[in-house]
Amino acid sequence: MTDPTNVHEPVPQSAKLTAREKKWIIYDVGNSAFVLLSTAVIPIYAKSLMPADGNIVSAWGYAQTIASLVIALLMPLLGSIADVQGMKIKFFLGFFGTGVVTCCAMALPLTWLPFLVVYILATIGLNGSLTFYDSMLIDATSNERMDKVSSHGYGWGYIGSTVPFIFCIALIFGGPSLFDWSTVACTRASFIITAIWWVAVTIPLLLNYKQNYYAETKVSVKETIVRLGNIFSELKANKKVLLFLISFFFYIDGVYTIIEMSTAYGKDVGIGDSSMLLALLLTQVVAFPCSILFGKLARRFESEKLILVCIGAYFLIALFALQLDTAWKFWFLATCVGVFQGAIQALS
C-alpha cells in the first residue's frame, strides 16, 4: 500500500477536526439513523406483522445471524479486492445503495416473513458499507488522530441519528390524529424518511473521498483468493494477530447482539412501546458524550485497559438484563448501555 499524495501532514492532537475528517464523520450520522430505527422501531413493527403467538426474539435473532454470516463470508474477498485504487468507494457505494433502497422497500411487505427478508438485505447493505467506511479512516486522518476521529464519528452518529428518529416517532404517535393516517402507514413512512436522511448526510463523503492508500496493480479474483490463502497461512505463525481477530469477533458480536436484540427482547417480556422508544432515545443521548470522553481518555490510558473496563461493564449489563421485567429496569439498562456502548465502539 502506498500514499502517493502524502496527504497527512502533521496535525496536533489538540487541533480541531479537519474538513477531511468531518466528511468522514458525517456518514456515521446517516447510517446510525438506520441503526437506531432498526433497534427501536423495526422490531416492534415486525412483531405487529406476526401472528399473536409469534416469537419476535427468535425471528429477529435468525435475521441478524443470516445478515452477519453473509457479511462474514463476503468481506474477506471483497475487502482484498477493494485495496485496488478506486475500488473502495465503488464497493462502499454498492452496499450503501443497497441499504438505502431496501430501507425504503421495507414499507412494501404486508406479512412478517417477506418483511424480514427485505430487512436482512438492508442490514447486509448497512454492515457492508460500514466495513468499507471503517477502512476509509486511514484515508481521512493520521494514525495519531484515529482515536479522536473515531470517537467523534460514533459520538456525532449517536446524537445525529436522533434528529430523524424524533421526527419519525412524532409521526408514528401523532400522525393518526394529525393526518388521519394509520399507525402502520406512519411507521412505513418512517422507513422512507430515514433513507432520505441517510442519503442526504452521505453526499459530502461521496463527493470528496479519495483513496490515498491502495495496491499498485489490479488482481484477478483467483489471485485474490490465493493471496487470502497465504494470509491465513501467515496468521498461523503470527499468533498475536490471530488471537486478536478471534477475540474481536466475539467481542464485537457481543456488543452488537445487545444493541440489536434489546427492543425485540423488551417487547417479548412485555415492556410498553413508548417506554422502549424513549429509553432507546436516552441511550443515544448518553452515548454521545461518552464516546468523545473515552476517545480523550485513550490519549492518557491504554486502549486495551479501557476496553477491558467496558467489557466488564457490558457483562454486568447482560446479567442485569436477565431480570428485565419492568419499564424502570429497561430505562436503567438503556442508560448503562449508552455509557459503555459509545465507549466500547469508539475504542474498538
# chains A, B, ... in the order shown; residues from 1 in each chain; ligands from 1
$ residues_around --residues "Gln211 of chain A" --least-positions-apart "4" --cutoff "8 Å" --atoms "only C-alpha atoms" --output "PyMOL selection string"
chain A and resi 85-86+88-89+136+139
$ write_last_selection --atoms "N, CA, C and O atoms" --output "CSV table (one decimal), in the first residue's frame"
chain,number,residue,atom,x,y,z
A,85,GLN,N,-6.8,0.6,-6.3
A,85,GLN,CA,-7.1,2.0,-6.4
A,85,GLN,C,-8.5,2.2,-7.0
A,85,GLN,O,-8.9,1.7,-8.0
A,86,GLY,N,-9.4,3.0,-6.3
A,86,GLY,CA,-10.7,3.4,-6.8
A,86,GLY,C,-11.8,2.4,-6.5
A,86,GLY,O,-13.0,2.6,-6.8
A,88,LYS,N,-12.5,0.9,-3.5
A,88,LYS,CA,-13.1,1.0,-2.1
A,88,LYS,C,-14.4,1.8,-2.2
A,88,LYS,O,-15.4,1.4,-1.6
A,89,ILE,N,-14.4,2.9,-2.9
A,89,ILE,CA,-15.6,3.8,-3.0
A,89,ILE,C,-16.7,3.1,-3.8
A,89,ILE,O,-17.9,3.3,-3.5
A,136,MET,N,-11.9,3.4,5.3
A,136,MET,CA,-11.7,4.7,4.8
A,136,MET,C,-11.0,5.7,5.8
A,136,MET,O,-10.5,6.7,5.4
A,139,ASP,N,-7.6,7.0,5.2
A,139,ASP,CA,-7.5,8.0,4.1
A,139,ASP,C,-8.0,9.4,4.6
A,139,ASP,O,-7.8,10.4,4.0
$ residues_around --residues "Leu74 of chain A" --least-positions-apart "6" --cutoff "12 Å" --atoms "only C-alpha atoms" --output "PyMOL selection string"
chain A and resi 67-68+80-82+91+95+124-125+127-128+131+225
$ write_last_selection --atoms "N, CA and C atoms" --output "PDB file, in the first residue's frame"
ATOM      1  N   ALA A  67     -27.740 -12.162   8.256  1.00  0.00           N
ATOM      2  CA  ALA A  67     -27.058 -10.975   7.732  1.00  0.00           C
ATOM      3  C   ALA A  67     -25.574 -10.972   8.111  1.00  0.00           C
ATOM      4  N   SER A  68     -25.268 -11.362   9.339  1.00  0.00           N
ATOM      5  CA  SER A  68     -23.880 -11.385   9.801  1.00  0.00           C
ATOM      6  C   SER A  68     -23.063 -12.434   9.056  1.00  0.00           C
ATOM      7  N   SER A  80     -10.283  -7.486   0.116  1.00  0.00           N
ATOM      8  CA  SER A  80      -8.997  -7.612  -0.557  1.00  0.00           C
ATOM      9  C   SER A  80      -9.025  -6.955  -1.933  1.00  0.00           C
ATOM     10  N   ILE A  81     -10.123  -7.141  -2.660  1.00  0.00           N
ATOM     11  CA  ILE A  81     -10.264  -6.510  -3.975  1.00  0.00           C
ATOM     12  C   ILE A  81     -10.315  -4.987  -3.836  1.00  0.00           C
ATOM     13  N   ALA A  82     -10.926  -4.520  -2.754  1.00  0.00           N
ATOM     14  CA  ALA A  82     -11.086  -3.077  -2.543  1.00  0.00           C
ATOM     15  C   ALA A  82      -9.768  -2.361  -2.300  1.00  0.00           C
ATOM     16  N   PHE A  91     -17.290  -0.257  -3.892  1.00  0.00           N
ATOM     17  CA  PHE A  91     -17.920  -1.240  -3.013  1.00  0.00           C
ATOM     18  C   PHE A  91     -18.772  -0.539  -1.944  1.00  0.00           C
ATOM     19  N   PHE A  95     -22.915  -1.155  -1.445  1.00  0.00           N
ATOM     20  CA  PHE A  95     -23.584  -1.597  -0.220  1.00  0.00           C
ATOM     21  C   PHE A  95     -24.450  -0.486   0.361  1.00  0.00           C
ATOM     22  N   ILE A 124     -27.543  -6.182   5.496  1.00  0.00           N
ATOM     23  CA  ILE A 124     -26.330  -6.524   4.748  1.00  0.00           C
ATOM     24  C   ILE A 124     -25.762  -5.278   4.081  1.00  0.00           C
ATOM     25  N   GLY A 125     -26.638  -4.463   3.488  1.00  0.00           N
ATOM     26  CA  GLY A 125     -26.182  -3.218   2.882  1.00  0.00           C
ATOM     27  C   GLY A 125     -25.522  -2.300   3.890  1.00  0.00           C
ATOM     28  N   ASN A 127     -24.150  -3.094   6.961  1.00  0.00           N
ATOM     29  CA  ASN A 127     -22.912  -3.630   7.512  1.00  0.00           C
ATOM     30  C   ASN A 127     -21.802  -3.692   6.473  1.00  0.00           C
ATOM     31  N   GLY A 128     -22.180  -3.963   5.215  1.00  0.00           N
ATOM     32  CA  GLY A 128     -21.169  -3.945   4.165  1.00  0.00           C
ATOM     33  C   GLY A 128     -20.593  -2.554   3.969  1.00  0.00           C
ATOM     34  N   THR A 131     -18.133  -1.705   6.719  1.00  0.00           N
ATOM     35  CA  THR A 131     -16.819  -2.339   6.584  1.00  0.00           C
ATOM     36  C   THR A 131     -15.883  -1.469   5.764  1.00  0.00           C
ATOM     37  N   ILE A 225      -8.024 -14.800  -4.101  1.00  0.00           N
ATOM     38  CA  ILE A 225      -8.262 -15.975  -3.265  1.00  0.00           C
ATOM     39  C   ILE A 225      -6.942 -16.600  -2.820  1.00  0.00           C
TER      40      ILE A 225
END
$ closest_residue --among "A:Tyr119, A:Phe34, A:Phe244, A:Phe250" --to "Pro164 of chain A" --atoms "only C-alpha atoms"
A:Phe34
$ closest_atom_pairs --of "segment 157-269 of chain A" --to "segment 23-32 of chain A" --cutoff "6 Å" --atoms "only C-alpha atoms" --output "CSV"
residue,atom,partner,partner_atom,distance
A:Gly157,CA,A:Val29,CA,3.9
A:Gly160,CA,A:Val29,CA,5.1
A:Ser161,CA,A:Ser32,CA,5.4
A:Trp198,CA,A:Gly30,CA,4.1
A:Val201,CA,A:Gly30,CA,5.6
A:Thr202,CA,A:Tyr27,CA,5.1
A:Pro204,CA,A:Lys23,CA,5.8
A:Leu205,CA,A:Lys23,CA,5.2
